[in-house]
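Okay, start16.txt is below, compact mmCIF, C-alpha atoms and all ligand atoms:
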```txt
# COMPACT_ATOMS: atom_id res chain seq x y z
CA MET A 7 26.06 -195.18 -196.08
CA LYS A 8 28.79 -195.93 -198.63
CA ASN A 9 27.62 -198.31 -201.30
CA LYS A 10 30.17 -198.02 -204.02
CA SER A 11 31.23 -201.06 -205.96
CA ALA A 12 34.82 -202.21 -205.44
CA ASN A 13 36.15 -198.74 -204.56
CA LEU A 14 35.71 -197.56 -208.11
CA ASP A 15 35.22 -193.87 -208.53
CA GLU A 16 32.40 -193.27 -210.94
CA LEU A 17 30.88 -190.67 -213.18
CA HIS A 18 27.24 -191.02 -214.20
CA ARG A 19 25.52 -189.26 -217.08
CA PHE A 20 21.75 -188.82 -217.08
CA VAL A 21 19.07 -187.08 -219.12
CA PHE A 22 15.55 -185.90 -218.44
CA GLU A 23 13.66 -187.76 -221.17
CA ASN A 24 12.23 -185.66 -224.02
CA THR A 25 13.78 -182.43 -222.75
CA PRO A 26 17.11 -180.69 -223.52
CA VAL A 27 18.11 -180.99 -219.86
CA ARG A 28 20.92 -183.38 -218.96
CA GLY A 29 23.34 -183.89 -216.13
CA ASN A 30 26.28 -185.72 -214.56
CA LEU A 31 27.12 -186.94 -211.11
CA VAL A 32 30.62 -187.79 -209.95
CA ASN A 33 32.18 -189.17 -206.81
CA LEU A 34 35.95 -189.27 -206.35
CA THR A 35 37.52 -191.01 -203.38
CA GLN A 36 40.50 -193.06 -204.51
CA THR A 37 41.27 -190.55 -207.26
CA LEU A 38 41.33 -187.69 -204.75
CA GLN A 39 43.28 -189.62 -202.14
CA LEU A 40 45.97 -190.66 -204.61
CA ALA A 41 46.31 -187.08 -205.86
CA LEU A 42 46.56 -185.75 -202.30
CA LYS A 43 49.04 -188.42 -201.22
CA LYS A 44 51.59 -186.90 -203.59
CA GLN A 45 51.56 -183.49 -201.90
CA LYS A 46 51.04 -181.97 -198.47
CA LEU A 47 48.27 -179.41 -198.77
CA PRO A 48 46.67 -177.27 -196.04
CA SER A 49 43.14 -178.58 -195.45
CA GLY A 50 41.29 -175.61 -197.01
CA LEU A 51 43.28 -176.06 -200.19
CA ARG A 52 42.67 -179.83 -200.16
CA LYS A 53 38.96 -179.09 -200.34
CA SER A 54 39.35 -176.58 -203.15
CA LEU A 55 41.53 -178.98 -205.12
CA GLY A 56 38.99 -181.78 -204.58
CA GLU A 57 36.14 -179.57 -205.76
CA LEU A 58 38.09 -178.54 -208.85
CA MET A 59 38.83 -182.22 -209.58
CA ALA A 60 35.13 -183.12 -209.34
CA ALA A 61 34.30 -180.11 -211.55
CA SER A 62 36.82 -181.20 -214.19
CA ALA A 63 35.21 -184.65 -214.45
CA LEU A 64 31.71 -183.12 -214.68
CA LEU A 65 32.68 -180.64 -217.40
CA SER A 66 34.77 -183.14 -219.30
CA ALA A 67 31.73 -185.45 -219.48
CA THR A 68 29.67 -182.69 -221.11
CA LEU A 69 32.19 -182.33 -223.95
CA LYS A 70 31.91 -184.56 -226.94
CA MET A 71 35.62 -185.04 -227.44
CA ASN A 72 38.55 -187.23 -226.55
CA GLY A 73 41.34 -185.28 -224.99
CA ALA A 74 42.44 -183.20 -222.05
CA LEU A 75 40.48 -180.57 -220.18
CA VAL A 76 42.66 -178.38 -217.95
CA LEU A 77 41.16 -176.11 -215.29
CA GLN A 78 43.59 -173.62 -213.79
CA ILE A 79 43.37 -170.87 -211.21
CA GLN A 80 46.36 -168.53 -211.30
CA SER A 81 46.80 -165.77 -208.76
CA LYS A 82 49.25 -163.23 -207.38
CA GLY A 83 48.21 -163.93 -203.78
CA ALA A 84 49.52 -166.63 -201.41
CA LEU A 85 48.02 -169.19 -203.76
CA LYS A 86 49.93 -169.13 -207.04
CA LEU A 87 48.34 -171.98 -208.93
CA LEU A 88 45.67 -174.62 -208.65
CA VAL A 89 45.54 -176.94 -211.65
CA VAL A 90 43.58 -180.02 -212.58
CA GLU A 91 43.92 -182.00 -215.79
CA CYS A 92 41.22 -184.44 -216.78
CA THR A 93 41.76 -186.70 -219.78
CA SER A 94 38.87 -188.61 -221.26
CA ASN A 95 38.73 -191.22 -223.91
CA LYS A 96 35.52 -193.11 -224.67
CA ASP A 97 37.10 -196.51 -224.10
CA THR A 98 39.07 -196.05 -220.90
CA ALA A 99 38.71 -194.60 -217.43
CA ILE A 100 38.67 -190.81 -217.03
CA LYS A 101 42.15 -189.87 -215.83
CA ILE A 102 42.71 -186.99 -213.46
CA ARG A 103 45.83 -185.33 -212.01
CA ALA A 104 46.03 -182.20 -209.89
CA THR A 105 48.44 -179.97 -208.03
CA ALA A 106 48.73 -176.66 -206.17
CA LYS A 107 51.51 -174.10 -205.69
CA TRP A 108 51.55 -171.55 -202.92
CA GLU A 109 53.93 -169.35 -200.96
CA GLY A 110 54.26 -168.75 -197.26
CA LYS A 111 52.14 -170.16 -194.46
CA ILE A 112 48.53 -171.01 -195.19
CA LEU A 113 46.11 -171.64 -192.35
CA ASP A 114 43.97 -174.77 -192.50
CA GLU A 115 40.76 -172.76 -192.38
CA GLU A 116 41.74 -170.53 -195.29
CA ASN A 117 40.06 -171.50 -198.52
CA LEU A 118 40.83 -170.72 -202.11
CA PHE A 119 39.02 -167.38 -202.08
CA ASP A 120 40.95 -166.16 -199.00
CA LEU A 121 44.24 -166.85 -200.77
CA VAL A 122 43.88 -165.32 -204.22
CA GLU A 123 44.63 -161.83 -205.56
CA HIS A 124 44.12 -160.70 -209.14
CA ALA A 125 43.18 -164.26 -209.93
CA GLN A 126 42.31 -165.69 -213.29
CA PHE A 127 40.43 -168.81 -214.16
CA MET A 128 41.61 -170.62 -217.29
CA ILE A 129 39.99 -173.46 -219.13
CA THR A 130 41.95 -175.29 -221.82
CA LEU A 131 40.66 -177.98 -224.15
CA ASP A 132 43.27 -180.06 -225.90
CA PRO A 133 41.67 -182.62 -228.21
CA LYS A 134 43.91 -185.62 -228.76
CA GLY A 135 44.34 -186.85 -232.28
CA GLY A 136 43.50 -183.65 -234.13
CA GLY A 137 41.08 -180.80 -233.66
CA GLN A 138 41.61 -177.25 -232.54
CA ALA A 139 42.93 -176.57 -229.05
CA TYR A 140 40.95 -173.93 -227.17
CA GLN A 141 41.71 -171.67 -224.23
CA GLY A 142 39.36 -169.34 -222.37
CA ILE A 143 40.44 -166.95 -219.61
CA VAL A 144 38.15 -165.03 -217.26
CA PRO A 145 38.73 -163.18 -213.97
CA LEU A 146 38.08 -165.39 -210.94
CA GLU A 147 34.80 -163.87 -209.74
CA GLY A 148 32.32 -165.19 -207.21
CA ASN A 149 32.85 -166.94 -203.92
CA SER A 150 32.76 -170.60 -204.92
CA ILE A 151 34.25 -172.75 -207.66
CA SER A 152 30.77 -173.74 -208.81
CA THR A 153 29.71 -170.10 -209.26
CA VAL A 154 32.87 -169.34 -211.25
CA LEU A 155 32.17 -172.29 -213.56
CA GLU A 156 28.46 -171.52 -213.95
CA ASN A 157 29.28 -167.94 -214.97
CA TYR A 158 31.96 -169.14 -217.32
CA MET A 159 29.64 -171.62 -219.06
CA LEU A 160 26.91 -169.01 -219.46
CA ARG A 161 29.21 -166.26 -220.74
CA SER A 162 31.55 -168.27 -222.94
CA GLU A 163 29.41 -171.18 -224.09
CA GLN A 164 25.91 -169.66 -223.72
CA ILE A 165 24.81 -172.82 -221.92
CA ASP A 166 22.72 -172.68 -218.74
CA THR A 167 24.62 -174.80 -216.22
CA LYS A 168 24.18 -175.41 -212.51
CA ILE A 169 26.93 -177.08 -210.49
CA TRP A 170 27.10 -178.32 -206.90
CA LEU A 171 30.49 -179.38 -205.53
CA SER A 172 31.57 -180.80 -202.24
CA CYS A 173 34.78 -182.11 -200.71
CA ASP A 174 35.39 -183.23 -197.13
CA GLY A 175 39.12 -183.82 -197.62
CA ASN A 176 38.66 -187.57 -198.25
CA SER A 177 36.05 -187.63 -200.98
CA ALA A 178 35.01 -185.09 -203.56
CA ALA A 179 31.69 -185.14 -205.37
CA GLY A 180 29.71 -183.05 -207.77
CA LEU A 181 26.40 -182.68 -209.56
CA LEU A 182 25.94 -180.77 -212.80
CA ILE A 183 22.80 -180.06 -214.77
CA GLN A 184 22.72 -178.30 -218.10
CA LYS A 185 20.08 -177.02 -220.50
CA LEU A 186 21.16 -177.43 -224.10
CA PRO A 187 20.39 -174.54 -226.47
CA GLU A 188 16.70 -174.06 -227.21
CA THR A 189 14.91 -175.32 -230.29
CA MET A 190 12.99 -172.88 -232.51
CA ASN A 191 9.62 -174.36 -231.60
CA GLN A 192 8.02 -171.89 -229.15
CA GLU A 193 5.84 -174.52 -227.49
CA HIS A 194 8.92 -176.58 -226.70
CA VAL A 195 10.84 -173.57 -225.45
CA THR A 196 8.24 -172.85 -222.75
CA HIS A 197 8.03 -176.49 -221.76
CA ASP A 198 11.83 -176.80 -221.71
CA LEU A 199 12.17 -173.69 -219.60
CA ASP A 200 9.61 -175.03 -217.13
CA THR A 201 11.52 -178.31 -216.89
CA TRP A 202 14.81 -176.46 -216.42
CA ASN A 203 13.42 -174.23 -213.66
CA ARG A 204 11.76 -177.14 -211.84
CA VAL A 205 14.79 -179.46 -212.15
CA SER A 206 17.26 -176.72 -211.07
CA HIS A 207 15.12 -176.03 -208.03
CA LEU A 208 14.93 -179.73 -207.11
CA ALA A 209 18.69 -180.17 -207.63
CA SER A 210 19.45 -177.18 -205.38
CA THR A 211 18.04 -179.11 -202.38
CA ILE A 212 21.02 -181.50 -202.46
CA THR A 213 23.11 -181.51 -199.29
CA ASP A 214 26.89 -182.03 -199.04
CA ASP A 215 26.26 -185.21 -197.08
CA GLU A 216 24.01 -186.67 -199.79
CA LEU A 217 26.39 -185.68 -202.56
CA LEU A 218 29.40 -187.22 -200.82
CA ASN A 219 27.85 -190.35 -199.36
CA LEU A 220 24.98 -191.64 -201.48
CA PRO A 221 25.13 -193.72 -204.66
CA ALA A 222 24.07 -191.94 -207.86
CA GLU A 223 20.81 -193.91 -208.21
CA THR A 224 19.71 -192.91 -204.71
CA ILE A 225 20.59 -189.24 -205.25
CA LEU A 226 18.62 -189.08 -208.51
CA THR A 227 15.60 -190.83 -206.95
CA ARG A 228 15.64 -188.50 -203.95
CA LEU A 229 15.95 -185.33 -206.02
CA PHE A 230 13.86 -186.13 -209.09
CA HIS A 231 11.40 -188.89 -208.16
CA GLU A 232 8.59 -187.36 -210.23
CA GLU A 233 10.76 -186.75 -213.28
CA ASP A 234 11.47 -189.16 -216.12
CA VAL A 235 15.24 -189.60 -215.69
CA ARG A 236 17.36 -191.98 -217.72
CA LEU A 237 20.68 -192.94 -216.09
CA TYR A 238 23.45 -194.18 -218.36
CA GLU A 239 26.09 -196.73 -217.51
CA ALA A 240 28.85 -195.22 -215.35
CA SER A 241 32.40 -194.37 -216.44
CA THR A 242 35.20 -194.96 -213.97
CA THR A 243 37.71 -192.31 -212.98
CA GLN A 244 41.23 -192.73 -211.66
CA PHE A 245 44.32 -190.77 -210.68
CA PHE A 246 46.88 -190.89 -213.46
CA CYS A 247 49.91 -188.75 -214.22
CA SER A 248 51.02 -188.57 -217.83
CA CYS A 249 54.62 -187.51 -217.11
CA THR A 250 57.28 -189.69 -218.76
CA HIS A 251 61.01 -189.67 -219.18
CA LYS A 252 60.53 -188.59 -222.74
CA SER A 253 58.33 -185.61 -221.82
CA VAL A 254 60.84 -184.46 -219.19
CA ALA A 255 63.73 -184.92 -221.66
CA ASN A 256 61.86 -182.84 -224.25
CA MET A 257 61.27 -180.12 -221.70
CA LEU A 258 64.98 -180.09 -220.74
CA ARG A 259 66.03 -179.99 -224.38
CA MET A 260 64.17 -176.71 -224.73
CA LEU A 261 66.40 -175.14 -222.06
CA GLY A 262 69.39 -175.53 -224.40
CA ASN A 263 72.82 -177.06 -224.00
CA GLU A 264 74.41 -174.11 -222.23
CA GLU A 265 71.77 -174.01 -219.51
CA LEU A 266 71.94 -177.79 -218.97
CA GLN A 267 75.74 -177.71 -218.75
CA SER A 268 75.69 -174.91 -216.20
CA ILE A 269 73.19 -176.83 -214.00
CA ILE A 270 75.41 -179.92 -214.16
CA GLU A 271 78.55 -177.91 -213.31
CA GLU A 272 76.75 -176.41 -210.34
CA ARG A 273 74.91 -179.47 -208.98
CA GLY A 274 76.50 -182.55 -210.57
CA ASN A 275 73.30 -183.63 -212.26
CA ILE A 276 69.85 -182.42 -213.26
CA GLU A 277 66.86 -183.36 -211.14
CA VAL A 278 63.31 -182.75 -212.22
CA HIS A 279 60.36 -183.36 -209.90
CA CYS A 280 56.88 -183.86 -211.29
CA ASP A 281 54.55 -181.61 -209.28
CA PHE A 282 51.55 -183.84 -209.99
CA CYS A 283 52.87 -187.27 -208.98
CA ASN A 284 56.16 -186.47 -207.22
CA ALA A 285 58.19 -188.69 -209.56
CA LEU A 286 61.87 -187.70 -209.68
CA TYR A 287 63.76 -187.80 -212.94
CA THR A 288 67.55 -187.58 -212.78
CA PHE A 289 69.89 -186.82 -215.67
CA ASP A 290 73.66 -186.93 -215.26
CA LYS A 291 76.33 -185.39 -217.49
CA ILE A 292 76.25 -188.25 -220.01
CA ASP A 293 72.44 -188.27 -220.08
CA ALA A 294 72.44 -184.54 -220.76
CA ALA A 295 74.95 -184.84 -223.58
CA GLN A 296 72.87 -187.62 -225.16
CA LEU A 297 69.79 -185.53 -224.71
CA MET A 298 71.29 -182.63 -226.62
CA ALA A 299 72.39 -185.03 -229.34
CA HIS A 300 68.63 -185.60 -229.77
CA GLU A 301 68.71 -189.07 -228.31
CA THR A 302 65.17 -190.30 -227.88
CA THR A 303 65.88 -193.46 -225.94
CA VAL A 304 65.11 -193.62 -222.27
CA ILE A 305 68.32 -192.91 -220.43
CA ALA A 306 67.46 -193.12 -216.76
CA SER A 307 64.75 -194.63 -214.62
CA PRO A 308 62.31 -192.61 -212.55
CA ASN A 309 62.80 -192.64 -208.85
CA ILE A 310 59.46 -192.41 -207.12
CA HIS A 311 59.58 -190.87 -203.65
ZN ZN B 1 54.01 -187.03 -212.93
```
Can you present the structure in this file as structure tokens?
Amino acid sequence: MKNKSANLDELHRFVFENTPVRGNLVNLTQTLQLALKKQKLPSGLRKSLGELMAASALLSATLKMNGALVLQIQSKGALKLLVVECTSNKDTAIKIRATAKWEGKILDEENLFDLVEHAQFMITLDPKGGGQAYQGIVPLEGNSISTVLENYMLRSEQIDTKIWLSCDGNSAAGLLIQKLPETMNQEHVTHDLDTWNRVSHLASTITDDELLNLPAETILTRLFHEEDVRLYEASTTQFFCSCTHKSVANMLRMLGNEELQSIIEERGNIEVHCDFCNALYTFDKIDAAQLMAHETTVIASPNIH
């Protein structure tokens, strides 16, 4: 059933012509697999992370900005953190990285909602090259990631949004439809509401199998064959971690000289692992001294495990 060109993961934008209803479809296979290769997650958490990755690409595509969108779930339960960062730039592929932190033993059948306590959902927008950063925090309510996001969009952005997410551990996929704020013209409002209700109903018939395995064109034809849908050219998505030697050095510098010296005395050198991509950065005594002298040159090479 797979009919994806050259293993590229793609995000498609579409609109329902002459209405304020628009949508996105995304399918992540390589992106998900590369993210999962860097960490050993119980299978329930793999699915939740995949769904959150698909959601980040869908939401990022609805924002008219270049920059990073970070979706985070923080909790005091066995699951401590689930985080996905999606960076978009009009000219290049959408870049996604993701990781999870948990404590103790997690069973494969346990999903996100079995593992959280006093959980919060955070959404952060960090526009690159200027613009105001934004952070919204809401309690993690509902029993699916899509419900949490739909409620968030309605409450914080006043935008009607419906989201369907699916992940089988190998691929993750999602469908989003959104009704942009209404115009003042009453005639249009009724028509737009009719379109929204009809299109939401049609979209809700999507199955996990269709979402995960069919090309975007086929999905849209199956769901909306009587609607006037315009599909835009796809964007590609890929796994990419933005960690660098410089960013790790900057982070270490903030710990202060005393702290760095005491780590070196205790362990011989300083090792920092990137949770997203598993890269290992090592700084010895000389590196650390240079670092505190505000050296900005790269002083060691990453050691990828
Ligand atoms: Zn990294």
Throw together the list of residues within 12 Å of ligand ZN 1 (chain B), counting all atoms listed in the file, and drop it here as a compact mmCIF listing (two decimals) with C-alpha atoms, in the coordinates of the input.
```
# COMPACT_ATOMS: atom_id res chain seq x y z
CA ALA A 41 46.31 -187.08 -205.86
CA LYS A 44 51.59 -186.90 -203.59
CA GLN A 45 51.56 -183.49 -201.90
CA GLU A 91 43.92 -182.00 -215.79
CA ILE A 102 42.71 -186.99 -213.46
CA ARG A 103 45.83 -185.33 -212.01
CA ALA A 104 46.03 -182.20 -209.89
CA THR A 105 48.44 -179.97 -208.03
CA PHE A 245 44.32 -190.77 -210.68
CA PHE A 246 46.88 -190.89 -213.46
CA CYS A 247 49.91 -188.75 -214.22
CA SER A 248 51.02 -188.57 -217.83
CA CYS A 249 54.62 -187.51 -217.11
CA THR A 250 57.28 -189.69 -218.76
CA HIS A 251 61.01 -189.67 -219.18
CA LYS A 252 60.53 -188.59 -222.74
CA SER A 253 58.33 -185.61 -221.82
CA VAL A 254 60.84 -184.46 -219.19
CA VAL A 278 63.31 -182.75 -212.22
CA HIS A 279 60.36 -183.36 -209.90
CA CYS A 280 56.88 -183.86 -211.29
CA ASP A 281 54.55 -181.61 -209.28
CA PHE A 282 51.55 -183.84 -209.99
CA CYS A 283 52.87 -187.27 -208.98
CA ASN A 284 56.16 -186.47 -207.22
CA ALA A 285 58.19 -188.69 -209.56
CA LEU A 286 61.87 -187.70 -209.68
CA TYR A 287 63.76 -187.80 -212.94
CA PRO A 308 62.31 -192.61 -212.55
CA ASN A 309 62.80 -192.64 -208.85
CA ILE A 310 59.46 -192.41 -207.12
CA HIS A 311 59.58 -190.87 -203.65
```
Next item on the list: Fewer than 4 positions away in the same chain doesn't count, so skip those; otherwise give me all residues within 7 Å of Ile100 in chain A, counting all atoms listed in the file, as a list in words.
Entry: Cys92, Thr93, Ser94, Asn95, Thr242, Thr243 and Gln244 of chain A
Can you spit out the residues from that selection as a PDB file, keeping the file's coordinate frame, using C-alpha atoms?
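Writing done, so here's result-v4.pdb:
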```pdb
ATOM      1  CA  CYS A  92      41.220-184.440-216.780  1.00  0.00           C
ATOM      2  CA  THR A  93      41.760-186.700-219.780  1.00  0.00           C
ATOM      3  CA  SER A  94      38.870-188.610-221.260  1.00  0.00           C
ATOM      4  CA  ASN A  95      38.730-191.220-223.910  1.00  0.00           C
ATOM      5  CA  THR A 242      35.200-194.960-213.970  1.00  0.00           C
ATOM      6  CA  THR A 243      37.710-192.310-212.980  1.00  0.00           C
ATOM      7  CA  GLN A 244      41.230-192.730-211.660  1.00  0.00           C
TER       8      GLN A 244
END
```
Checklist line | Proximity to Leu47 in chain A - best of A:Asp214, A:Glu239, A:Glu156, A:Asp114, only C-alpha atoms | finding: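 Smallest separation from Leu47 in chain A among the options: A:Asp114.
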Next item on the list: Give as a PyMOL selection string the set of residues within 12 Å of the point (77.7, -185.3, -219.0), where distances use the file's coordinates and all atoms listed in the file.
Entry: chain A and resi 263+266-271+273-276+289-299
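Among the candidates A:Glu57, A:Asp15, A:Glu272, A:Glu116, the residue lying nearest to Asp174 in chain A is A:Glu57 (atoms considered: all atoms listed in the file).
Our summary of the geometry notes that CA of Asp132 in chain A is positioned 20.2 Å from CA of Ile165 in chain A.
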Checklist line | Among the residues A:Met71, A:Ala255, A:Val195, A:Leu226, the one that comes closest to Ala139 in chain A [using all atoms listed in the file] | finding: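 Residue with the minimum atom-to-atom distance to Ala139 in chain A: A:Met71.
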Checklist line | Among listed residues A:Ile112, A:Val27, A:Ala74, A:Leu218, nearest Gly180 in chain A (using all atoms listed in the file) | finding: A:Leu218
Notebook entry, point to check: Of the candidates A:Gly137, A:Lys168, A:Leu182, A:Lys86, which shows the shortest atom-to-atom distance to Ala60 in chain A, using all atoms listed in the file?
Noted result: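 Smallest distance to Ala60 in chain A is found for A:Leu182.
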Fix up range 128-155 of chain A with N, CA and C atoms, then write it as a PDB file, in the coordinates of the input.
```
ATOM      1  N   MET A 128      41.343-170.225-215.904  1.00  0.00           N
ATOM      2  CA  MET A 128      41.610-170.620-217.290  1.00  0.00           C
ATOM      3  C   MET A 128      41.083-172.005-217.557  1.00  0.00           C
ATOM      4  N   ILE A 129      40.470-172.147-218.722  1.00  0.00           N
ATOM      5  CA  ILE A 129      39.990-173.460-219.130  1.00  0.00           C
ATOM      6  C   ILE A 129      40.623-173.773-220.484  1.00  0.00           C
ATOM      7  N   THR A 130      41.268-174.917-220.580  1.00  0.00           N
ATOM      8  CA  THR A 130      41.950-175.290-221.820  1.00  0.00           C
ATOM      9  C   THR A 130      41.421-176.644-222.284  1.00  0.00           C
ATOM     10  N   LEU A 131      41.091-176.709-223.570  1.00  0.00           N
ATOM     11  CA  LEU A 131      40.660-177.980-224.150  1.00  0.00           C
ATOM     12  C   LEU A 131      41.713-178.390-225.165  1.00  0.00           C
ATOM     13  N   ASP A 132      42.238-179.581-224.996  1.00  0.00           N
ATOM     14  CA  ASP A 132      43.270-180.060-225.900  1.00  0.00           C
ATOM     15  C   ASP A 132      42.826-181.397-226.491  1.00  0.00           C
ATOM     16  N   PRO A 133      42.149-181.352-227.640  1.00  0.00           N
ATOM     17  CA  PRO A 133      41.670-182.620-228.210  1.00  0.00           C
ATOM     18  C   PRO A 133      42.839-183.461-228.678  1.00  0.00           C
ATOM     19  N   LYS A 134      42.827-184.728-228.312  1.00  0.00           N
ATOM     20  CA  LYS A 134      43.910-185.620-228.760  1.00  0.00           C
ATOM     21  C   LYS A 134      43.540-186.129-230.144  1.00  0.00           C
ATOM     22  N   GLY A 135      44.563-186.297-230.949  1.00  0.00           N
ATOM     23  CA  GLY A 135      44.340-186.850-232.280  1.00  0.00           C
ATOM     24  C   GLY A 135      43.621-185.873-233.191  1.00  0.00           C
ATOM     25  N   GLY A 136      44.061-184.631-233.190  1.00  0.00           N
ATOM     26  CA  GLY A 136      43.500-183.650-234.130  1.00  0.00           C
ATOM     27  C   GLY A 136      42.468-182.769-233.482  1.00  0.00           C
ATOM     28  N   GLY A 137      42.046-181.745-234.213  1.00  0.00           N
ATOM     29  CA  GLY A 137      41.080-180.800-233.660  1.00  0.00           C
ATOM     30  C   GLY A 137      41.790-179.610-233.069  1.00  0.00           C
ATOM     31  N   GLN A 138      41.048-178.513-232.986  1.00  0.00           N
ATOM     32  CA  GLN A 138      41.610-177.250-232.540  1.00  0.00           C
ATOM     33  C   GLN A 138      41.685-177.191-231.013  1.00  0.00           C
ATOM     34  N   ALA A 139      42.840-176.791-230.482  1.00  0.00           N
ATOM     35  CA  ALA A 139      42.930-176.570-229.050  1.00  0.00           C
ATOM     36  C   ALA A 139      42.214-175.248-228.740  1.00  0.00           C
ATOM     37  N   TYR A 140      41.719-175.116-227.521  1.00  0.00           N
ATOM     38  CA  TYR A 140      40.950-173.930-227.170  1.00  0.00           C
ATOM     39  C   TYR A 140      41.338-173.485-225.775  1.00  0.00           C
ATOM     40  N   GLN A 141      41.451-172.157-225.583  1.00  0.00           N
ATOM     41  CA  GLN A 141      41.710-171.670-224.230  1.00  0.00           C
ATOM     42  C   GLN A 141      40.837-170.462-223.935  1.00  0.00           C
ATOM     43  N   GLY A 142      40.170-170.481-222.812  1.00  0.00           N
ATOM     44  CA  GLY A 142      39.360-169.340-222.370  1.00  0.00           C
ATOM     45  C   GLY A 142      39.889-168.859-221.033  1.00  0.00           C
ATOM     46  N   ILE A 143      39.940-167.523-220.866  1.00  0.00           N
ATOM     47  CA  ILE A 143      40.440-166.950-219.610  1.00  0.00           C
ATOM     48  C   ILE A 143      39.434-165.924-219.116  1.00  0.00           C
ATOM     49  N   VAL A 144      39.048-166.039-217.853  1.00  0.00           N
ATOM     50  CA  VAL A 144      38.150-165.030-217.260  1.00  0.00           C
ATOM     51  C   VAL A 144      38.674-164.684-215.858  1.00  0.00           C
ATOM     52  N   PRO A 145      38.338-163.487-215.356  1.00  0.00           N
ATOM     53  CA  PRO A 145      38.730-163.180-213.970  1.00  0.00           C
ATOM     54  C   PRO A 145      38.032-164.147-213.022  1.00  0.00           C
ATOM     55  N   LEU A 146      38.688-164.490-211.926  1.00  0.00           N
ATOM     56  CA  LEU A 146      38.080-165.390-210.940  1.00  0.00           C
ATOM     57  C   LEU A 146      37.094-164.571-210.102  1.00  0.00           C
ATOM     58  N   GLU A 147      35.826-164.642-210.452  1.00  0.00           N
ATOM     59  CA  GLU A 147      34.800-163.870-209.740  1.00  0.00           C
ATOM     60  C   GLU A 147      33.837-164.822-209.060  1.00  0.00           C
ATOM     61  N   GLY A 148      33.259-164.346-207.950  1.00  0.00           N
ATOM     62  CA  GLY A 148      32.320-165.190-207.210  1.00  0.00           C
ATOM     63  C   GLY A 148      32.986-165.673-205.939  1.00  0.00           C
ATOM     64  N   ASN A 149      32.271-166.484-205.174  1.00  0.00           N
ATOM     65  CA  ASN A 149      32.850-166.940-203.920  1.00  0.00           C
ATOM     66  C   ASN A 149      32.848-168.454-203.799  1.00  0.00           C
ATOM     67  N   SER A 150      32.651-169.137-204.920  1.00  0.00           N
ATOM     68  CA  SER A 150      32.760-170.600-204.920  1.00  0.00           C
ATOM     69  C   SER A 150      33.192-171.048-206.312  1.00  0.00           C
ATOM     70  N   ILE A 151      33.807-172.230-206.364  1.00  0.00           N
ATOM     71  CA  ILE A 151      34.250-172.750-207.660  1.00  0.00           C
ATOM     72  C   ILE A 151      33.051-172.995-208.555  1.00  0.00           C
ATOM     73  N   SER A 152      31.941-173.463-207.963  1.00  0.00           N
ATOM     74  CA  SER A 152      30.770-173.740-208.810  1.00  0.00           C
ATOM     75  C   SER A 152      30.220-172.464-209.436  1.00  0.00           C
ATOM     76  N   THR A 153      30.193-171.362-208.690  1.00  0.00           N
ATOM     77  CA  THR A 153      29.710-170.100-209.260  1.00  0.00           C
ATOM     78  C   THR A 153      30.606-169.636-210.408  1.00  0.00           C
ATOM     79  N   VAL A 154      31.925-169.752-210.209  1.00  0.00           N
ATOM     80  CA  VAL A 154      32.870-169.340-211.250  1.00  0.00           C
ATOM     81  C   VAL A 154      32.602-170.132-212.535  1.00  0.00           C
ATOM     82  N   LEU A 155      32.400-171.445-212.384  1.00  0.00           N
ATOM     83  CA  LEU A 155      32.170-172.290-213.560  1.00  0.00           C
ATOM     84  C   LEU A 155      30.823-172.025-214.216  1.00  0.00           C
TER      85      LEU A 155
END
```
